[in-house]
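Here is the structure we will look at.
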Amino acid sequence: MNDFVFQVTDSIDHIIRSIPLFKVEFALCIGFLLSIACTLIFDKYWKQSSFFITILTIISAFIILLTQHDYTNHGFYGMLTVDKTSFFARVFISLGLFVSTIFLQQHFANRDFKKRKGDLYSILLAAGIGLNLFSMTTHWLMAFIAIEMVSICSYILVGYFSENKKQAEAAMKYALFWFCMFSGYVIWVVFDLWFYRRP
(Lines give C-alpha, C1' and ligand atoms only; values in the text may rest on other atoms or scores of the structure.)
Protein backbone atom coordinates (compact mmCIF):
# COMPACT_ATOMS: atom_id res chain seq x y z
CA MET A 1 0.00 0.00 0.00
CA ASN A 2 2.85 2.38 0.83
CA ASP A 3 4.41 1.74 -2.57
CA PHE A 4 1.14 2.67 -4.27
CA VAL A 5 0.87 5.91 -2.27
CA PHE A 6 4.48 6.74 -3.13
CA GLN A 7 3.81 6.11 -6.84
CA VAL A 8 0.72 8.32 -6.84
CA THR A 9 2.46 11.20 -5.08
CA ASP A 10 5.49 10.83 -7.35
CA SER A 11 3.24 10.91 -10.44
CA ILE A 12 1.40 14.00 -9.22
CA ASP A 13 4.71 15.74 -8.46
CA HIS A 14 6.00 14.90 -11.94
CA ILE A 15 2.84 16.26 -13.59
CA ILE A 16 3.03 19.48 -11.56
CA ARG A 17 6.70 19.88 -12.56
CA SER A 18 5.71 19.38 -16.22
CA ILE A 19 3.00 22.07 -16.29
CA PRO A 20 5.41 24.96 -17.17
CA LEU A 21 6.06 23.20 -20.50
CA PHE A 22 2.36 23.53 -21.26
CA LYS A 23 2.01 27.30 -20.64
CA VAL A 24 1.44 28.28 -24.29
CA GLU A 25 -1.19 25.61 -24.83
CA PHE A 26 -2.82 26.51 -21.53
CA ALA A 27 -3.12 30.13 -22.71
CA LEU A 28 -4.72 28.90 -25.94
CA CYS A 29 -7.16 26.74 -23.91
CA ILE A 30 -8.20 29.76 -21.85
CA GLY A 31 -8.62 31.78 -25.04
CA PHE A 32 -10.70 28.95 -26.52
CA LEU A 33 -13.09 29.07 -23.56
CA LEU A 34 -13.21 32.88 -23.58
CA SER A 35 -13.93 32.90 -27.31
CA ILE A 36 -16.87 30.55 -26.80
CA ALA A 37 -18.15 32.71 -23.93
CA CYS A 38 -17.85 35.88 -26.04
CA THR A 39 -19.67 34.19 -28.91
CA LEU A 40 -22.54 33.18 -26.65
CA ILE A 41 -22.81 36.34 -24.53
CA PHE A 42 -21.03 39.42 -25.88
CA ASP A 43 -21.40 39.03 -29.66
CA LYS A 44 -24.99 40.21 -29.34
CA TYR A 45 -23.76 43.61 -28.16
CA TRP A 46 -20.38 43.84 -29.90
CA LYS A 47 -19.95 41.74 -33.04
CA GLN A 48 -16.13 41.69 -32.95
CA SER A 49 -15.67 40.61 -29.33
CA SER A 50 -14.73 37.00 -30.11
CA PHE A 51 -12.36 38.20 -32.86
CA PHE A 52 -10.51 40.50 -30.46
CA ILE A 53 -10.38 37.84 -27.74
CA THR A 54 -8.86 35.42 -30.27
CA ILE A 55 -6.27 37.97 -31.41
CA LEU A 56 -5.36 38.78 -27.78
CA THR A 57 -5.08 35.06 -27.03
CA ILE A 58 -2.73 34.45 -29.94
CA ILE A 59 -0.58 37.46 -29.00
CA SER A 60 -0.40 36.45 -25.33
CA ALA A 61 0.43 32.84 -26.28
CA PHE A 62 3.19 34.18 -28.56
CA ILE A 63 4.63 36.32 -25.75
CA ILE A 64 4.59 33.31 -23.41
CA LEU A 65 6.24 31.26 -26.15
CA LEU A 66 9.10 33.77 -26.39
CA THR A 67 10.02 32.97 -22.78
CA GLN A 68 10.78 29.39 -23.89
CA HIS A 69 13.35 30.46 -26.50
CA ASP A 70 16.42 28.91 -24.86
CA TYR A 71 14.53 26.35 -22.81
CA THR A 72 15.00 22.61 -23.33
CA ASN A 73 13.16 20.11 -21.18
CA HIS A 74 11.01 16.98 -21.22
CA GLY A 75 7.71 16.56 -19.43
CA PHE A 76 4.69 14.38 -18.86
CA TYR A 77 6.83 11.22 -18.72
CA GLY A 78 8.68 12.07 -21.91
CA MET A 79 5.55 12.65 -24.01
CA LEU A 80 6.29 16.36 -24.58
CA THR A 81 9.63 17.95 -25.37
CA VAL A 82 10.34 21.66 -25.54
CA ASP A 83 13.42 22.38 -27.65
CA LYS A 84 14.51 24.67 -30.51
CA THR A 85 12.58 22.70 -33.13
CA SER A 86 9.31 22.83 -31.23
CA PHE A 87 9.92 26.50 -30.43
CA PHE A 88 10.29 27.51 -34.07
CA ALA A 89 7.41 25.27 -35.13
CA ARG A 90 5.14 26.92 -32.58
CA VAL A 91 6.30 30.37 -33.71
CA PHE A 92 5.18 29.54 -37.26
CA ILE A 93 1.92 28.05 -35.96
CA SER A 94 1.21 31.23 -33.97
CA LEU A 95 1.90 33.41 -37.00
CA GLY A 96 -0.34 31.18 -39.12
CA LEU A 97 -3.14 31.41 -36.55
CA PHE A 98 -2.80 35.19 -36.45
CA VAL A 99 -2.95 35.54 -40.24
CA SER A 100 -5.82 33.04 -40.54
CA THR A 101 -7.86 34.86 -37.91
CA ILE A 102 -7.43 38.20 -39.66
CA PHE A 103 -8.20 36.56 -43.02
CA LEU A 104 -11.45 35.07 -41.66
CA GLN A 105 -12.50 38.38 -40.18
CA GLN A 106 -11.84 40.19 -43.48
CA HIS A 107 -13.49 37.43 -45.51
CA PHE A 108 -16.78 37.78 -43.64
CA ALA A 109 -16.66 41.56 -43.18
CA ASN A 110 -18.87 42.33 -46.21
CA ARG A 111 -20.76 39.05 -46.53
CA ASP A 112 -24.14 38.12 -45.22
CA PHE A 113 -23.29 34.99 -43.24
CA LYS A 114 -26.16 33.53 -41.22
CA LYS A 115 -24.06 31.43 -38.84
CA ARG A 116 -22.16 32.83 -35.87
CA LYS A 117 -18.67 33.87 -36.89
CA GLY A 118 -17.32 33.62 -33.36
CA ASP A 119 -17.41 29.83 -33.49
CA LEU A 120 -14.82 29.89 -36.27
CA TYR A 121 -12.29 31.59 -34.02
CA SER A 122 -12.70 29.06 -31.23
CA ILE A 123 -12.29 26.21 -33.75
CA LEU A 124 -9.11 27.88 -35.02
CA LEU A 125 -7.73 28.08 -31.48
CA ALA A 126 -8.52 24.40 -30.90
CA ALA A 127 -6.67 23.52 -34.12
CA GLY A 128 -3.74 25.62 -32.88
CA ILE A 129 -3.64 23.63 -29.63
CA GLY A 130 -3.51 20.39 -31.64
CA LEU A 131 -0.74 21.71 -33.89
CA ASN A 132 1.31 22.87 -30.90
CA LEU A 133 0.97 19.49 -29.24
CA PHE A 134 2.01 17.78 -32.45
CA SER A 135 5.15 19.92 -32.69
CA MET A 136 6.17 19.04 -29.11
CA THR A 137 5.29 15.37 -28.87
CA THR A 138 7.73 12.48 -28.71
CA HIS A 139 5.11 9.80 -28.13
CA TRP A 140 2.99 8.07 -30.77
CA LEU A 141 -0.22 8.21 -28.77
CA MET A 142 0.18 11.95 -28.19
CA ALA A 143 0.93 12.45 -31.89
CA PHE A 144 -2.23 10.54 -32.78
CA ILE A 145 -4.33 12.64 -30.37
CA ALA A 146 -2.85 15.86 -31.78
CA ILE A 147 -3.52 14.81 -35.38
CA GLU A 148 -7.08 13.84 -34.51
CA MET A 149 -7.62 17.17 -32.78
CA VAL A 150 -6.53 19.07 -35.88
CA SER A 151 -8.55 16.72 -38.12
CA ILE A 152 -11.77 17.18 -36.17
CA CYS A 153 -11.34 20.97 -36.29
CA SER A 154 -10.80 20.87 -40.05
CA TYR A 155 -13.93 18.72 -40.55
CA ILE A 156 -15.96 21.17 -38.49
CA LEU A 157 -14.60 24.10 -40.50
CA VAL A 158 -15.46 22.39 -43.80
CA GLY A 159 -19.04 21.87 -42.64
CA TYR A 160 -19.27 25.34 -41.16
CA PHE A 161 -18.51 27.05 -44.46
CA SER A 162 -21.19 25.11 -46.35
CA GLU A 163 -23.84 27.40 -47.78
CA ASN A 164 -26.07 24.95 -49.64
CA LYS A 165 -27.19 21.34 -49.48
CA LYS A 166 -24.50 20.02 -51.81
CA GLN A 167 -21.66 21.53 -49.79
CA ALA A 168 -23.16 20.22 -46.54
CA GLU A 169 -23.35 16.74 -48.08
CA ALA A 170 -19.69 16.96 -49.13
CA ALA A 171 -18.72 17.96 -45.59
CA MET A 172 -20.69 15.01 -44.19
CA LYS A 173 -18.93 12.61 -46.59
CA TYR A 174 -15.59 14.09 -45.52
CA ALA A 175 -16.42 13.47 -41.83
CA LEU A 176 -17.74 9.95 -42.53
CA PHE A 177 -14.57 9.09 -44.44
CA TRP A 178 -12.53 10.21 -41.42
CA PHE A 179 -14.75 8.13 -39.12
CA CYS A 180 -14.25 5.02 -41.28
CA MET A 181 -10.49 5.53 -41.41
CA PHE A 182 -10.33 6.10 -37.66
CA SER A 183 -12.44 3.01 -36.93
CA GLY A 184 -10.26 0.91 -39.22
CA TYR A 185 -7.15 2.16 -37.48
CA VAL A 186 -8.55 1.35 -34.03
CA ILE A 187 -9.59 -2.15 -35.16
CA TRP A 188 -6.12 -2.72 -36.61
CA VAL A 189 -4.43 -1.59 -33.36
CA VAL A 190 -6.67 -3.80 -31.22
CA PHE A 191 -6.14 -6.76 -33.55
CA ASP A 192 -2.38 -6.18 -33.56
CA LEU A 193 -2.16 -5.87 -29.78
CA TRP A 194 -4.45 -8.83 -29.11
CA PHE A 195 -2.98 -11.41 -31.49
CA TYR A 196 0.62 -10.45 -32.15
CA ARG A 197 1.93 -8.67 -29.08
CA ARG A 198 0.42 -10.81 -26.40
CA PRO A 199 3.04 -12.49 -24.17
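Scheme for the C-alpha coordinates: letters A, B, ... for chains in order shown; per-chain residue numbers from 1; ligand numbers from 1 in order shown.
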Range 78-153 of chain A residues near range 47-70 of chain A within 9 Å, closest pair each, using only C-alpha atoms, as CSV:
residue,atom,partner,partner_atom,distance
A:Val82,CA,A:Gln68,CA,7.9
A:Asp83,CA,A:Asp70,CA,7.7
A:Lys84,CA,A:His69,CA,7.1
A:Phe87,CA,A:His69,CA,6.5
A:Phe88,CA,A:His69,CA,8.7
A:Arg90,CA,A:Leu65,CA,7.8
A:Val91,CA,A:Phe62,CA,7.1
A:Ser94,CA,A:Phe62,CA,6.5
A:Leu95,CA,A:Ile58,CA,8.5
A:Leu97,CA,A:Ile58,CA,7.3
A:Phe98,CA,A:Ile58,CA,6.6
A:Thr101,CA,A:Ile55,CA,7.4
A:Ile102,CA,A:Ile55,CA,8.3
A:Gln105,CA,A:Phe51,CA,7.3
A:Lys117,CA,A:Ser50,CA,8.4
A:Gly118,CA,A:Ser50,CA,5.4
A:Asp119,CA,A:Ser50,CA,8.4
A:Tyr121,CA,A:Thr54,CA,6.4
A:Ser122,CA,A:Thr54,CA,7.5
A:Leu124,CA,A:Thr54,CA,8.9
A:Leu125,CA,A:Thr54,CA,7.5
Exercise for the section: Run DSSP on the backbone of this structure and report the residues of range 26-156 of chain A it assigns to strand (DSSP E), as a ChimeraX atom specification. Expected result: /A:73-75,80-82
Go through range 123-169 of chain A residue by residue and, counting only C-alpha atoms, keep those with an atom at most 10 Å from range 107-116 of chain A; for each kept residue give the shortest atom pair and its distance in Å to one decimal, ordered by chain and increasing number, as a tab-separated table.
residue	atom	partner	partner_atom	distance
A:Tyr160	CA	A:Lys115	CA	8.1
A:Phe161	CA	A:Lys115	CA	9.0
A:Glu163	CA	A:Phe113	CA	8.9
Handout entry: Minimum-distance residue to Leu21 in chain A, chosen among A:Tyr45, A:Tyr185, A:Phe134, A:Tyr71 (using only C-alpha atoms)
Key =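 Result for the nearest residue to Leu21 in chain A: A:Tyr71.
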Exercise for the section: Give me every alpha helix (DSSP H) residue in chain A, going by DSSP on the backbone, as a count of residues only. Expected result: 148
Problem - Straight-line distance linking CA of His14 in chain A with CA of Ser135 in chain A, stated in Å to one decimal - result: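 Going from CA of His14 in chain A over to CA of Ser135 in chain A covers 21.4 Å.
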Fill in the blank from the handout: CA of Ile30 in chain A to CA of Ile123 in chain A measures 13.1 Å
Handout entry: d(CA of Leu80 in chain A, CA of Thr137 in chain A) in Å
Key = 4.5 Å
Handout entry: Ile152 in chain A surroundings by only C-alpha atoms, 9 Å radius, close-in-sequence under 4 positions cut, as JSON, numbers by chain
Key = {"A": [127, 147, 148, 156, 157, 175, 178]}
Saved selection, atoms kept: N, CA and C atoms, as an mmCIF file, in the first residue's frame:
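As a result, part.cif now contains:
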data_model
loop_
_atom_site.group_PDB
_atom_site.id
_atom_site.type_symbol
_atom_site.label_atom_id
_atom_site.label_comp_id
_atom_site.auth_asym_id
_atom_site.auth_seq_id
_atom_site.Cartn_x
_atom_site.Cartn_y
_atom_site.Cartn_z
ATOM 1 N N ALA A 127 -7.616 24.085 -33.143
ATOM 2 C CA ALA A 127 -6.667 23.518 -34.116
ATOM 3 C C ALA A 127 -5.239 23.927 -33.770
ATOM 4 N N ILE A 147 -3.041 14.866 -33.996
ATOM 5 C CA ILE A 147 -3.517 14.813 -35.384
ATOM 6 C C ILE A 147 -5.035 14.743 -35.426
ATOM 7 N N GLU A 148 -5.613 13.944 -34.544
ATOM 8 C CA GLU A 148 -7.077 13.838 -34.513
ATOM 9 C C GLU A 148 -7.720 15.153 -34.097
ATOM 10 N N ILE A 156 -14.947 20.205 -38.935
ATOM 11 C CA ILE A 156 -15.963 21.166 -38.486
ATOM 12 C C ILE A 156 -15.925 22.421 -39.347
ATOM 13 N N LEU A 157 -14.715 22.893 -39.663
ATOM 14 C CA LEU A 157 -14.605 24.096 -40.502
ATOM 15 C C LEU A 157 -15.165 23.866 -41.900
ATOM 16 N N ALA A 175 -16.448 13.916 -43.224
ATOM 17 C CA ALA A 175 -16.423 13.467 -41.827
ATOM 18 C C ALA A 175 -16.634 11.959 -41.725
ATOM 19 N N TRP A 178 -13.446 10.173 -42.566
ATOM 20 C CA TRP A 178 -12.527 10.205 -41.424
ATOM 21 C C TRP A 178 -12.949 9.173 -40.378
#
Exercise for the section: Have a look at A:Ala37, A:Met136, A:Ala126, A:Leu131 and name the one nearest to Phe22 in chain A; count only C-alpha atoms. Expected result: A:Met136
